[in-house]
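Structure file entry.csv (CSV, C-alpha atoms) is printed below.
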```csv
chain,number,residue,atom,x,y,z
I,349,MET,CA,112.8,131.0,87.2
I,350,ASP,CA,113.0,127.4,86.0
I,351,GLU,CA,116.0,126.7,88.3
I,352,ILE,CA,114.1,128.1,91.3
I,353,LEU,CA,111.1,125.9,90.6
I,354,ILE,CA,113.3,122.8,90.1
I,355,GLY,CA,115.2,123.5,93.3
I,356,SER,CA,112.1,124.1,95.3
I,357,VAL,CA,110.3,120.9,94.1
I,358,LEU,CA,113.4,118.8,94.5
I,359,ALA,CA,113.9,120.0,98.1
I,360,SER,CA,110.2,119.4,98.9
I,361,THR,CA,110.3,116.0,97.3
I,362,LEU,CA,113.2,114.8,99.5
I,363,ARG,CA,111.7,116.3,102.7
I,364,VAL,CA,108.3,114.6,102.1
I,365,SER,CA,109.8,111.3,101.0
I,366,THR,CA,112.0,110.9,104.1
I,367,PRO,CA,109.4,109.6,106.7
I,368,LEU,CA,107.8,107.5,104.0
I,369,LEU,CA,111.2,105.9,103.1
I,370,LEU,CA,112.1,105.2,106.7
I,371,CYS,CA,108.6,103.7,107.4
I,372,ALA,CA,108.7,101.6,104.1
I,373,LEU,CA,112.1,100.2,105.0
I,374,ALA,CA,110.7,99.3,108.4
I,375,GLY,CA,107.8,97.4,106.8
I,376,LEU,CA,110.2,95.8,104.3
I,377,VAL,CA,112.4,94.3,107.0
I,378,ALA,CA,109.5,93.0,109.0
I,379,GLU,CA,107.7,91.5,106.0
I,380,ARG,CA,110.8,89.9,104.6
I,381,SER,CA,110.9,87.9,107.9
I,382,GLY,CA,107.3,86.8,107.3
I,383,VAL,CA,105.5,89.2,109.7
I,384,VAL,CA,102.8,91.4,108.1
I,385,ASP,CA,103.0,94.9,109.4
I,386,ILE,CA,99.8,96.9,108.8
I,387,GLY,CA,100.6,98.9,112.0
I,388,LEU,CA,103.3,101.1,110.4
I,389,GLU,CA,100.9,104.1,110.7
I,390,GLY,CA,100.3,103.5,114.4
I,391,LYS,CA,103.9,103.0,115.2
I,392,MET,CA,104.9,106.2,113.4
I,393,LEU,CA,102.1,108.1,115.2
I,394,PHE,CA,103.1,106.8,118.6
I,395,ALA,CA,106.8,107.7,117.9
I,396,ALA,CA,105.8,111.2,116.8
I,397,PHE,CA,103.9,111.8,120.0
I,398,ALA,CA,106.7,110.4,122.1
I,399,ALA,CA,109.3,112.5,120.4
I,400,ALA,CA,107.3,115.7,120.7
I,401,ALA,CA,106.4,115.0,124.4
I,402,ALA,CA,109.9,114.0,125.4
I,403,ALA,CA,111.7,116.8,123.6
I,404,SER,CA,109.3,119.5,124.8
I,405,VAL,CA,109.6,118.3,128.5
I,406,SER,CA,113.3,117.4,128.6
I,407,HIS,CA,114.4,120.2,126.2
I,408,SER,CA,116.6,117.7,124.5
I,409,THR,CA,116.6,116.5,120.9
I,410,GLY,CA,118.4,113.3,121.8
I,411,TRP,CA,115.9,112.4,124.5
I,412,GLY,CA,113.1,113.0,122.0
I,413,MET,CA,114.5,110.7,119.4
I,414,LEU,CA,115.3,108.0,122.0
I,415,ALA,CA,111.8,108.2,123.4
I,416,ALA,CA,110.4,107.8,119.8
I,417,ILE,CA,112.6,104.8,119.1
I,418,ALA,CA,111.8,103.2,122.5
I,419,VAL,CA,108.1,103.6,122.1
I,420,ALA,CA,108.1,102.3,118.5
I,421,CYS,CA,110.2,99.3,119.5
I,422,SER,CA,107.8,98.6,122.4
I,423,ILE,CA,104.8,98.6,120.0
I,424,SER,CA,106.7,96.2,117.7
I,425,LEU,CA,107.3,93.9,120.7
I,426,ILE,CA,103.5,94.0,121.4
I,427,HIS,CA,102.9,93.1,117.7
I,428,GLY,CA,105.4,90.3,118.0
I,429,PHE,CA,104.0,89.0,121.2
I,430,ALA,CA,100.5,88.8,119.6
I,431,CYS,CA,101.6,87.4,116.2
I,432,VAL,CA,104.9,85.5,116.8
I,433,THR,CA,104.6,84.2,120.3
I,434,HIS,CA,100.8,83.6,120.3
I,435,ARG,CA,100.4,83.2,116.5
I,436,GLY,CA,97.5,85.7,116.3
I,437,ASP,CA,96.2,87.2,113.1
I,438,GLN,CA,98.9,89.7,111.9
I,439,VAL,CA,96.5,91.9,110.0
I,440,VAL,CA,94.1,92.2,112.9
I,441,SER,CA,96.9,93.0,115.3
I,442,GLY,CA,98.3,95.8,113.0
I,443,VAL,CA,94.9,97.4,112.5
I,444,ALA,CA,94.3,97.3,116.2
I,445,LEU,CA,97.6,99.0,116.9
I,446,ASN,CA,96.6,101.8,114.4
I,447,MET,CA,93.3,102.3,116.1
I,448,VAL,CA,94.8,102.4,119.6
I,449,ALA,CA,97.5,104.9,118.4
I,450,ALA,CA,94.9,107.2,116.9
I,451,GLY,CA,93.0,107.3,120.1
I,452,LEU,CA,95.6,107.0,122.9
I,453,THR,CA,97.9,109.7,121.6
I,454,VAL,CA,95.0,112.2,121.7
I,455,VAL,CA,93.9,111.0,125.2
I,456,LEU,CA,97.5,111.3,126.6
I,457,GLY,CA,98.0,114.6,124.9
I,458,ILE,CA,94.8,116.0,126.6
I,459,ALA,CA,95.7,114.5,129.9
I,460,TRP,CA,99.3,115.7,130.0
I,461,PHE,CA,99.3,119.0,128.1
I,462,GLN,CA,95.6,120.2,128.1
I,463,GLN,CA,96.0,121.4,124.5
I,464,GLY,CA,93.3,119.5,122.7
I,465,GLY,CA,95.5,116.5,122.0
I,466,GLN,CA,98.5,118.5,120.8
I,467,THR,CA,101.9,118.8,122.5
I,468,PRO,CA,103.7,122.1,123.2
I,469,PRO,CA,105.8,123.3,120.3
I,470,VAL,CA,109.3,122.0,120.2
I,471,ALA,CA,111.8,124.9,120.7
I,472,ALA,CA,113.5,126.1,117.6
I,473,ASP,CA,117.0,125.3,119.0
I,474,LEU,CA,115.9,121.6,119.5
I,475,ARG,CA,114.7,121.1,115.9
I,476,LEU,CA,116.8,119.3,113.4
I,477,THR,CA,118.3,121.9,110.9
I,478,GLY,CA,120.1,121.6,107.6
I,479,LEU,CA,123.7,120.6,107.5
I,480,ILE,CA,124.3,124.0,105.9
I,481,PRO,CA,121.7,126.2,107.5
I,482,ALA,CA,122.2,129.1,105.2
I,483,TRP,CA,121.2,127.0,102.2
I,484,SER,CA,117.9,126.0,103.8
I,485,GLU,CA,116.6,129.3,102.4
I,486,LEU,CA,116.7,129.5,98.6
I,487,ASP,CA,118.1,133.1,98.6
I,488,GLY,CA,121.1,132.1,100.7
I,489,ALA,CA,122.0,129.1,98.5
I,490,VAL,CA,121.7,131.3,95.3
I,491,ALA,CA,123.8,134.0,96.9
I,492,ASP,CA,126.6,131.6,97.7
I,493,LEU,CA,126.6,129.4,94.6
I,494,GLY,CA,124.8,131.3,91.9
I,495,PRO,CA,121.4,130.7,90.3
I,496,TRP,CA,121.5,127.1,89.0
I,497,LEU,CA,124.0,125.5,91.4
I,498,GLY,CA,122.5,127.4,94.4
I,499,ALA,CA,118.9,126.5,93.6
I,500,VAL,CA,119.3,122.9,92.4
I,501,ILE,CA,122.4,121.6,94.2
I,502,GLY,CA,122.6,124.0,97.3
I,503,HIS,CA,118.9,124.3,98.2
I,504,GLY,CA,117.5,121.2,96.4
I,505,LEU,CA,120.1,118.6,97.5
I,506,LEU,CA,122.4,120.0,100.3
I,507,SER,CA,120.0,122.0,102.5
I,508,HIS,CA,118.6,119.1,104.5
I,509,ASN,CA,119.0,117.7,108.0
I,510,ILE,CA,120.9,114.6,108.9
I,511,LEU,CA,117.9,112.3,109.0
I,512,VAL,CA,117.2,112.9,105.3
I,513,TYR,CA,120.6,111.7,104.3
I,514,LEU,CA,120.5,108.9,106.8
I,515,ALA,CA,117.2,107.6,105.3
I,516,PHE,CA,118.7,107.4,101.8
I,517,ALA,CA,121.9,105.8,103.2
I,518,LEU,CA,119.8,103.2,104.9
I,519,VAL,CA,118.5,102.1,101.6
I,520,ALA,CA,122.0,100.8,100.7
I,521,GLY,CA,122.4,99.6,104.3
I,522,VAL,CA,119.2,97.5,104.3
I,523,TRP,CA,120.1,96.1,100.9
I,524,PHE,CA,123.6,95.1,102.0
I,525,PHE,CA,122.2,93.6,105.2
I,526,LEU,CA,119.6,91.5,103.5
I,527,GLU,CA,121.7,90.4,100.5
I,528,ARG,CA,125.3,90.2,101.8
I,529,THR,CA,125.2,89.3,105.5
I,530,LYS,CA,124.5,86.0,107.2
I,531,PRO,CA,121.9,87.4,109.6
I,532,GLY,CA,120.2,89.1,106.6
I,533,LEU,CA,120.1,85.9,104.6
I,534,ARG,CA,118.7,84.0,107.6
I,535,LEU,CA,116.0,86.7,107.9
I,536,ARG,CA,115.1,86.4,104.3
I,537,ALA,CA,115.0,82.6,104.6
I,538,VAL,CA,112.6,82.7,107.6
I,539,GLY,CA,110.2,84.7,105.5
I,540,GLU,CA,110.4,82.1,102.7
I,541,ASN,CA,110.8,78.8,104.4
I,542,PRO,CA,110.8,78.9,108.2
I,543,ALA,CA,110.8,75.1,108.6
I,544,MET,CA,114.1,74.9,106.8
I,545,VAL,CA,115.6,77.6,109.1
I,546,ASP,CA,114.3,75.8,112.1
I,547,ALA,CA,115.8,72.5,110.8
I,548,ALA,CA,119.2,74.3,110.6
I,549,GLY,CA,119.0,75.0,114.3
I,550,VAL,CA,118.2,78.7,114.1
I,551,SER,CA,115.3,80.1,116.2
I,552,VAL,CA,112.5,81.4,113.9
I,553,PRO,CA,110.8,83.5,116.7
I,554,ARG,CA,114.2,85.1,117.6
I,555,LEU,CA,114.8,86.1,114.0
I,556,ARG,CA,111.3,87.5,113.6
I,557,TYR,CA,111.6,89.5,116.9
I,558,ALA,CA,115.0,90.8,115.7
I,559,ALA,CA,113.3,92.0,112.5
I,560,LEU,CA,110.6,93.7,114.5
I,561,MET,CA,113.2,95.5,116.6
I,562,ILE,CA,114.8,96.9,113.4
I,563,ASN,CA,111.3,97.8,112.3
I,564,GLY,CA,110.6,99.7,115.5
I,565,LEU,CA,113.9,101.5,115.2
I,566,LEU,CA,113.1,102.8,111.7
I,567,CYS,CA,109.5,103.7,112.6
I,568,GLY,CA,110.9,105.6,115.6
I,569,LEU,CA,113.2,107.6,113.3
I,570,ALA,CA,110.2,108.3,110.9
I,571,GLY,CA,108.0,109.5,113.7
I,572,SER,CA,110.7,111.7,115.3
I,573,TYR,CA,111.4,113.3,111.9
I,574,LEU,CA,107.7,114.4,111.7
I,575,VAL,CA,108.0,116.6,114.8
I,576,LEU,CA,111.7,117.4,115.0
I,577,ALA,CA,112.2,118.3,111.4
I,578,GLN,CA,108.9,118.7,109.5
I,579,ASN,CA,106.5,120.1,112.0
I,580,ALA,CA,106.9,122.1,115.2
I,581,ALA,CA,104.6,120.0,117.4
I,582,PHE,CA,102.5,116.9,117.5
I,583,SER,CA,98.9,117.1,116.4
I,584,PRO,CA,96.2,114.4,116.3
I,585,ASN,CA,96.6,112.0,113.4
I,586,MET,CA,99.5,114.0,112.0
I,587,THR,CA,100.8,111.0,110.1
I,588,ALA,CA,97.8,111.5,107.7
I,589,GLY,CA,98.0,108.0,106.1
I,590,ARG,CA,101.8,108.0,105.5
I,591,GLY,CA,102.1,104.6,107.0
I,592,TYR,CA,99.7,103.2,104.5
I,593,ILE,CA,101.4,105.0,101.6
I,594,ALA,CA,104.7,103.5,102.9
I,595,LEU,CA,103.1,100.1,102.9
I,596,ALA,CA,102.0,100.7,99.3
I,597,ALA,CA,105.4,101.9,98.3
I,598,MET,CA,107.0,98.7,99.8
I,599,ILE,CA,104.6,96.5,97.7
I,600,PHE,CA,105.2,98.6,94.6
I,601,GLY,CA,108.9,98.0,95.2
I,602,LYS,CA,108.3,94.3,95.5
I,603,TRP,CA,109.9,94.1,98.9
I,604,ARG,CA,113.2,95.4,97.6
I,605,PRO,CA,114.9,98.5,99.0
I,606,LEU,CA,115.9,100.4,95.8
I,607,PRO,CA,112.5,100.1,94.0
I,608,THR,CA,110.8,101.0,97.3
I,609,MET,CA,112.9,104.2,97.5
I,610,PHE,CA,111.8,105.2,94.0
I,611,ALA,CA,108.1,104.6,95.0
I,612,CYS,CA,108.6,106.9,98.0
I,613,LEU,CA,110.2,109.5,95.8
I,614,LEU,CA,107.3,109.3,93.4
I,615,PHE,CA,104.8,110.1,96.2
I,616,GLY,CA,107.1,112.9,97.5
I,617,PHE,CA,107.3,114.4,94.1
I,618,LEU,CA,103.5,114.3,93.6
I,619,ASP,CA,103.0,115.9,97.0
I,620,ALA,CA,105.5,118.6,96.2
I,621,VAL,CA,103.8,119.4,92.9
I,622,ALA,CA,100.4,119.4,94.7
I,623,ILE,CA,101.7,122.1,97.1
I,624,ARG,CA,102.8,124.2,94.1
I,625,MET,CA,99.4,123.8,92.5
I,626,GLN,CA,97.4,125.3,95.4
I,627,GLY,CA,95.6,128.4,94.2
I,628,ALA,CA,95.7,127.2,90.5
I,629,HIS,CA,92.8,128.0,88.2
I,630,LEU,CA,91.0,126.0,85.5
I,631,PRO,CA,91.6,127.1,81.9
I,632,ALA,CA,89.4,130.0,80.7
I,633,GLY,CA,87.5,127.6,78.4
I,634,LEU,CA,86.4,125.6,81.5
I,635,GLY,CA,85.2,128.7,83.4
I,636,GLY,CA,88.5,129.8,85.0
I,637,ALA,CA,87.4,128.8,88.5
I,638,GLU,CA,89.9,128.1,91.2
I,639,ILE,CA,90.6,124.4,91.8
I,640,PRO,CA,89.5,123.3,95.3
I,641,VAL,CA,92.3,123.0,97.7
I,642,GLN,CA,90.9,119.7,99.0
I,643,LEU,CA,91.1,118.2,95.4
I,644,ILE,CA,94.7,119.3,95.1
I,645,GLN,CA,95.6,117.8,98.5
I,646,ALA,CA,94.0,114.5,97.5
I,647,LEU,CA,95.9,114.3,94.1
I,648,PRO,CA,99.1,112.7,95.4
I,649,TYR,CA,97.1,109.9,97.1
I,650,LEU,CA,94.9,109.4,94.0
I,651,LEU,CA,97.8,109.4,91.6
I,652,THR,CA,99.8,107.1,93.8
I,653,VAL,CA,96.9,104.6,93.8
I,654,VAL,CA,96.5,104.8,90.0
I,655,LEU,CA,100.2,104.5,89.3
I,656,LEU,CA,100.7,101.6,91.7
I,657,ALA,CA,97.7,99.8,90.3
I,658,GLY,CA,98.7,100.4,86.7
I,659,PHE,CA,102.5,99.7,86.8
I,660,ILE,CA,103.1,97.4,89.7
I,661,GLY,CA,102.6,94.2,87.7
I,662,GLN,CA,102.8,90.9,89.7
I,663,ALA,CA,104.3,91.4,93.1
I,664,LEU,CA,105.3,88.1,94.8
I,665,ALA,CA,105.3,88.5,98.5
I,666,PRO,CA,107.6,86.3,100.7
I,667,LYS,CA,106.1,82.8,100.7
I,668,ALA,CA,105.7,82.6,104.5
I,669,LEU,CA,104.3,86.1,104.9
I,670,GLY,CA,101.4,86.2,107.4
I,671,ARG,CA,101.7,82.6,108.3
I,672,PRO,CA,102.4,81.8,111.9
I,673,TYR,CA,105.1,79.2,112.3
I,674,VAL,CA,104.3,76.1,114.3
I,675,LYS,CA,107.3,74.0,115.2
I,676,GLU,CA,106.9,70.4,114.1
I,677,ARG,CA,107.3,67.8,116.8
```
Here is a file; write its structure as structure tokens.
Amino acid sequence: MDEILIGSVLASTLRVSTPLLLCALAGLVAERSGVVDIGLEGKMLFAAFAAAAAASVSHSTGWGMLAAIAVACSISLIHGFACVTHRGDQVVSGVALNMVAAGLTVVLGIAWFQQGGQTPPVAADLRLTGLIPAWSELDGAVADLGPWLGAVIGHGLLSHNILVYLAFALVAGVWFFLERTKPGLRLRAVGENPAMVDAAGVSVPRLRYAALMINGLLCGLAGSYLVLAQNAAFSPNMTAGRGYIALAAMIFGKWRPLPTMFACLLFGFLDAVAIRMQGAHLPAGLGGAEIPVQLIQALPYLLTVVLLAGFIGQALAPKALGRPYVKER
């Protein structure tokens, strides 16, 4: 019984953490270049809608993912146009994108599909499945590998789709890019001292736009995961605050990929435990009443806030974060 519980919680943790991790890495790349990105929630929501709409209409998983990436990159370009080119307030721009996404996806869904803002369900054969489909079910993994190996390794770790493993591989990829490559070092430098980068003959706006394109790519993958792997169709506000949680995870990780990954895993674990707690009752000494589902669903968010507030310590943001760069004449 213990191995079944461990395997189930581990599998749920990885599934829930994946869109958070992709979104947090997107925010990390943008903010290391000096661009505040409050609009992660809106980009992921736009990408989820685009993936669901394109996949259901074209009957192609590839077109769905491409549409999600294209839309998220377009939103990043709009953010860059407002904040990098015209030096607008980056926080206001991000909040505006979130508000537009919450409303426009519903309006387009009603206009195109007449289903109350939802899209048609993505066909089962278009959805992303586990690399070893038989192990996606706990019984299949246990039958092939035995109780412990099947539950923990087979179902818990090896039953996921390609985007789950790609998200965790990208943690190493983003770290290597930022720490060991010349473009990554320049991107970090433009978030700390853009005047020095400009003096070296490197375009500050070009670097920030490049960071926003990477940001859009990762947000597109996060949004497409929500509808092609986690849910069957788009529904209004289906991101449910994940963009803000990803932003908190990035700050908790102090703008570094590996700690950011652990922060996302923490929220995923708390969410997985909350799912297991639904239907739980208070101890008999406290009346034995059933714990409200709404309270259990709010626990991961509440505990994340408490843990981030209590253990984050001093988080030093990039020095030029949120500051529009004005070239000196």
### Message
Just to confirm, what's the straight-line distance from CA of Ser360 in chain I to CA of Gly504 in chain I in Å (one decimal)?
### Response
7.9 Å
### Query
Smallest atom-to-atom distance to Gly428 in chain I: which of I:Ala471, I:Ala588, I:Leu445, I:Leu576, using only C-alpha atoms?
I:Leu445
#### Entry: Residue nearest Ser422 in chain I among I:Leu669, I:Ile639, I:Ile623, I:Leu560 (counting only C-alpha atoms)
I:Leu560
### Task
With a distance cut-off of 8 Å and all atoms listed in the file, select the neighbouring residues of Pro584 in chain I, excluding the residue or stretch itself and same-chain residues fewer than 4 positions from it, and output the selection as a PyMOL selection string.
chain I and resi 450+453-454+465-466
### Pro481 in chain I surroundings by all atoms listed in the file, 9 Å radius, close-in-sequence under 6 positions cut, as a VMD selection string
chain I and resid 507 to 509
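Distances to Glu527 in chain I were evaluated for I:Arg363, I:Tyr673, I:Val377, I:Gly412 using only C-alpha atoms, and the minimum falls at I:Val377.
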Selection: 10 Å around Pro468 in chain I, only C-alpha atoms, excl. self and same-chain fewer than 5 positions, as a PDB file with C-alpha atoms, keeping the file's coordinate frame:
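This is the output file around_31.pdb:
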```
ATOM      1  CA  ALA I 400     107.300 115.700 120.700  1.00  0.00           C
ATOM      2  CA  ALA I 401     106.400 115.000 124.400  1.00  0.00           C
ATOM      3  CA  ALA I 403     111.700 116.800 123.600  1.00  0.00           C
ATOM      4  CA  SER I 404     109.300 119.500 124.800  1.00  0.00           C
ATOM      5  CA  VAL I 405     109.600 118.300 128.500  1.00  0.00           C
ATOM      6  CA  GLY I 457      98.000 114.600 124.900  1.00  0.00           C
ATOM      7  CA  PHE I 461      99.300 119.000 128.100  1.00  0.00           C
ATOM      8  CA  GLN I 462      95.600 120.200 128.100  1.00  0.00           C
ATOM      9  CA  GLN I 463      96.000 121.400 124.500  1.00  0.00           C
ATOM     10  CA  ALA I 580     106.900 122.100 115.200  1.00  0.00           C
ATOM     11  CA  ALA I 581     104.600 120.000 117.400  1.00  0.00           C
ATOM     12  CA  PHE I 582     102.500 116.900 117.500  1.00  0.00           C
ATOM     13  CA  SER I 583      98.900 117.100 116.400  1.00  0.00           C
TER      14      SER I 583
END
```
Considering only C-alpha atoms, return as a short mmCIF file (atom, residue, chain, number, x, y, z; two decimals) with C-alpha atoms, keeping the file's coordinate frame whatever protein or nucleic-acid residues lie within 8 Å of range 517-520 of chain I, sequence-local ones (same chain, fewer than 3 positions apart) excluded.
```
data_model
loop_
_atom_site.label_atom_id
_atom_site.label_comp_id
_atom_site.auth_asym_id
_atom_site.auth_seq_id
_atom_site.Cartn_x
_atom_site.Cartn_y
_atom_site.Cartn_z
CA LEU I 373 112.10 100.20 105.00
CA TYR I 513 120.60 111.70 104.30
CA LEU I 514 120.50 108.90 106.80
CA TRP I 523 120.10 96.10 100.90
CA PHE I 524 123.60 95.10 102.00
CA PRO I 605 114.90 98.50 99.00
CA LEU I 606 115.90 100.40 95.80
CA MET I 609 112.90 104.20 97.50
#
```
Quick one: which range 423-469 of chain I residues come within 12 Å of range 540-554 of chain I, and what is the nearest atom pair for each with the distance in Å to one decimal, counting all atoms listed in the file, rows ordered by chain and ascending number, as JSON lines?
```
{"residue": "I:Leu425", "atom": "CA", "partner": "I:Arg554", "partner_atom": "CA", "distance": 11.6}
{"residue": "I:Gly428", "atom": "CA", "partner": "I:Pro553", "partner_atom": "CA", "distance": 8.8}
{"residue": "I:Phe429", "atom": "CA", "partner": "I:Pro553", "partner_atom": "CA", "distance": 9.8}
{"residue": "I:Ala430", "atom": "CA", "partner": "I:Pro553", "partner_atom": "CA", "distance": 11.9}
{"residue": "I:Cys431", "atom": "CA", "partner": "I:Pro553", "partner_atom": "CA", "distance": 10.0}
{"residue": "I:Val432", "atom": "CA", "partner": "I:Pro553", "partner_atom": "CA", "distance": 6.2}
{"residue": "I:Thr433", "atom": "CA", "partner": "I:Pro553", "partner_atom": "CA", "distance": 7.2}
{"residue": "I:His434", "atom": "CA", "partner": "I:Pro553", "partner_atom": "CA", "distance": 10.6}
{"residue": "I:Arg435", "atom": "CA", "partner": "I:Pro553", "partner_atom": "CA", "distance": 10.4}
```
May I have the residues from that selection written out with C-alpha atoms, as an mmCIF file, in the coordinates of the input?
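Printed below is out-v1.cif as written:
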```cif
data_model
loop_
_atom_site.group_PDB
_atom_site.id
_atom_site.type_symbol
_atom_site.label_atom_id
_atom_site.label_comp_id
_atom_site.auth_asym_id
_atom_site.auth_seq_id
_atom_site.Cartn_x
_atom_site.Cartn_y
_atom_site.Cartn_z
ATOM 1 C CA LEU I 425 107.300 93.900 120.700
ATOM 2 C CA GLY I 428 105.400 90.300 118.000
ATOM 3 C CA PHE I 429 104.000 89.000 121.200
ATOM 4 C CA ALA I 430 100.500 88.800 119.600
ATOM 5 C CA CYS I 431 101.600 87.400 116.200
ATOM 6 C CA VAL I 432 104.900 85.500 116.800
ATOM 7 C CA THR I 433 104.600 84.200 120.300
ATOM 8 C CA HIS I 434 100.800 83.600 120.300
ATOM 9 C CA ARG I 435 100.400 83.200 116.500
#
```
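Pairwise distance (CA of Phe525 in chain I, CA of Ile562 in chain I) equals 11.5 Å.
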### Message
Just to confirm, what's the straight-line distance from CA of Pro666 in chain I to CA of Ala558 in chain I in Å (one decimal)?
### Response
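Separation of CA of Pro666 in chain I and CA of Ala558 in chain I: 17.3 Å.
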Near-Val384 in chain I list (9 Å; only C-alpha atoms; drop same-chain fewer than 6 positions) as a compact mmCIF listing (two decimals) with C-alpha atoms, in the frame of the given file:
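Full text of around_24.txt as output:
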```
# COMPACT_ATOMS: atom_id res chain seq x y z
CA GLY I 375 107.80 97.40 106.80
CA ALA I 378 109.50 93.00 109.00
CA GLN I 438 98.90 89.70 111.90
CA VAL I 439 96.50 91.90 110.00
CA GLY I 442 98.30 95.80 113.00
CA LEU I 669 104.30 86.10 104.90
CA GLY I 670 101.40 86.20 107.40
CA ARG I 671 101.70 82.60 108.30
```
### Residue with smallest distance to Arg604 in chain I - pool I:Leu526, I:Asp385, I:Trp411, I:Phe394, counting all atoms listed in the file
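Between I:Leu526, I:Asp385, I:Trp411, I:Phe394, the residue approaching Arg604 in chain I most closely is I:Leu526.
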### Query
Which residue, I:Leu595, I:Ala663, I:Ala416, I:Met586, has the smallest gap to Leu368 in chain I when you use only C-alpha atoms?
I:Leu595
### Task
Kindly indicate which residue among I:Ala596, I:Val357, I:Leu647, I:Leu614 lies nearest to Leu376 in chain I, using all atoms listed in the file for the distances.
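Closest candidate: I:Ala596.
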### Task
Starting from the point (124.2, 130.0, 105.9), work out which residues of protein, DNA or RNA have an atom no more than 12 Å away when counting only C-alpha atoms; state them as a ChimeraX atom specification.
/I:477-493,498,502-503,506-507
Final N, CA and C atoms of range 466-483 of chain I as a tab-separated table (two decimals), keeping the file's coordinate frame:
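File result.tsv, as written:
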```tsv
chain	number	residue	atom	x	y	z
I	466	GLN	N	97.19	118.11	121.35
I	466	GLN	CA	98.50	118.50	120.80
I	466	GLN	C	99.52	118.60	121.94
I	467	THR	N	100.78	118.64	121.54
I	467	THR	CA	101.90	118.80	122.50
I	467	THR	C	102.36	120.27	122.38
I	468	PRO	N	103.08	120.76	123.37
I	468	PRO	CA	103.70	122.10	123.20
I	468	PRO	C	104.67	122.10	122.04
I	469	PRO	N	104.84	123.22	121.37
I	469	PRO	CA	105.80	123.30	120.30
I	469	PRO	C	107.21	122.97	120.72
I	470	VAL	N	107.93	122.25	119.88
I	470	VAL	CA	109.30	122.00	120.20
I	470	VAL	C	110.14	123.25	119.89
I	471	ALA	N	110.98	123.64	120.83
I	471	ALA	CA	111.80	124.90	120.70
I	471	ALA	C	112.61	124.84	119.42
I	472	ALA	N	112.80	126.00	118.83
I	472	ALA	CA	113.50	126.10	117.60
I	472	ALA	C	114.94	125.53	117.67
I	473	ASP	N	115.59	125.75	118.82
I	473	ASP	CA	117.00	125.30	119.00
I	473	ASP	C	117.05	123.76	119.15
I	474	LEU	N	115.90	123.08	119.35
I	474	LEU	CA	115.90	121.60	119.50
I	474	LEU	C	115.56	120.93	118.17
I	475	ARG	N	115.06	121.67	117.20
I	475	ARG	CA	114.70	121.10	115.90
I	475	ARG	C	115.86	120.75	115.07
I	476	LEU	N	115.71	119.72	114.26
I	476	LEU	CA	116.80	119.30	113.40
I	476	LEU	C	116.88	120.35	112.22
I	477	THR	N	118.05	120.88	111.99
I	477	THR	CA	118.30	121.90	110.90
I	477	THR	C	119.17	121.32	109.86
I	478	GLY	N	119.24	122.01	108.75
I	478	GLY	CA	120.10	121.60	107.60
I	478	GLY	C	121.54	121.56	107.99
I	479	LEU	N	122.26	120.69	107.30
I	479	LEU	CA	123.70	120.60	107.50
I	479	LEU	C	124.39	121.93	107.21
I	480	ILE	N	123.85	122.64	106.23
I	480	ILE	CA	124.30	124.00	105.90
I	480	ILE	C	123.14	124.92	106.05
I	481	PRO	N	122.94	125.47	107.25
I	481	PRO	CA	121.70	126.20	107.50
I	481	PRO	C	121.39	127.33	106.55
I	482	ALA	N	122.43	128.01	106.06
I	482	ALA	CA	122.20	129.10	105.20
I	482	ALA	C	121.53	128.70	103.87
I	483	TRP	N	121.76	127.46	103.46
I	483	TRP	CA	121.20	127.00	102.20
I	483	TRP	C	119.78	126.45	102.36
```
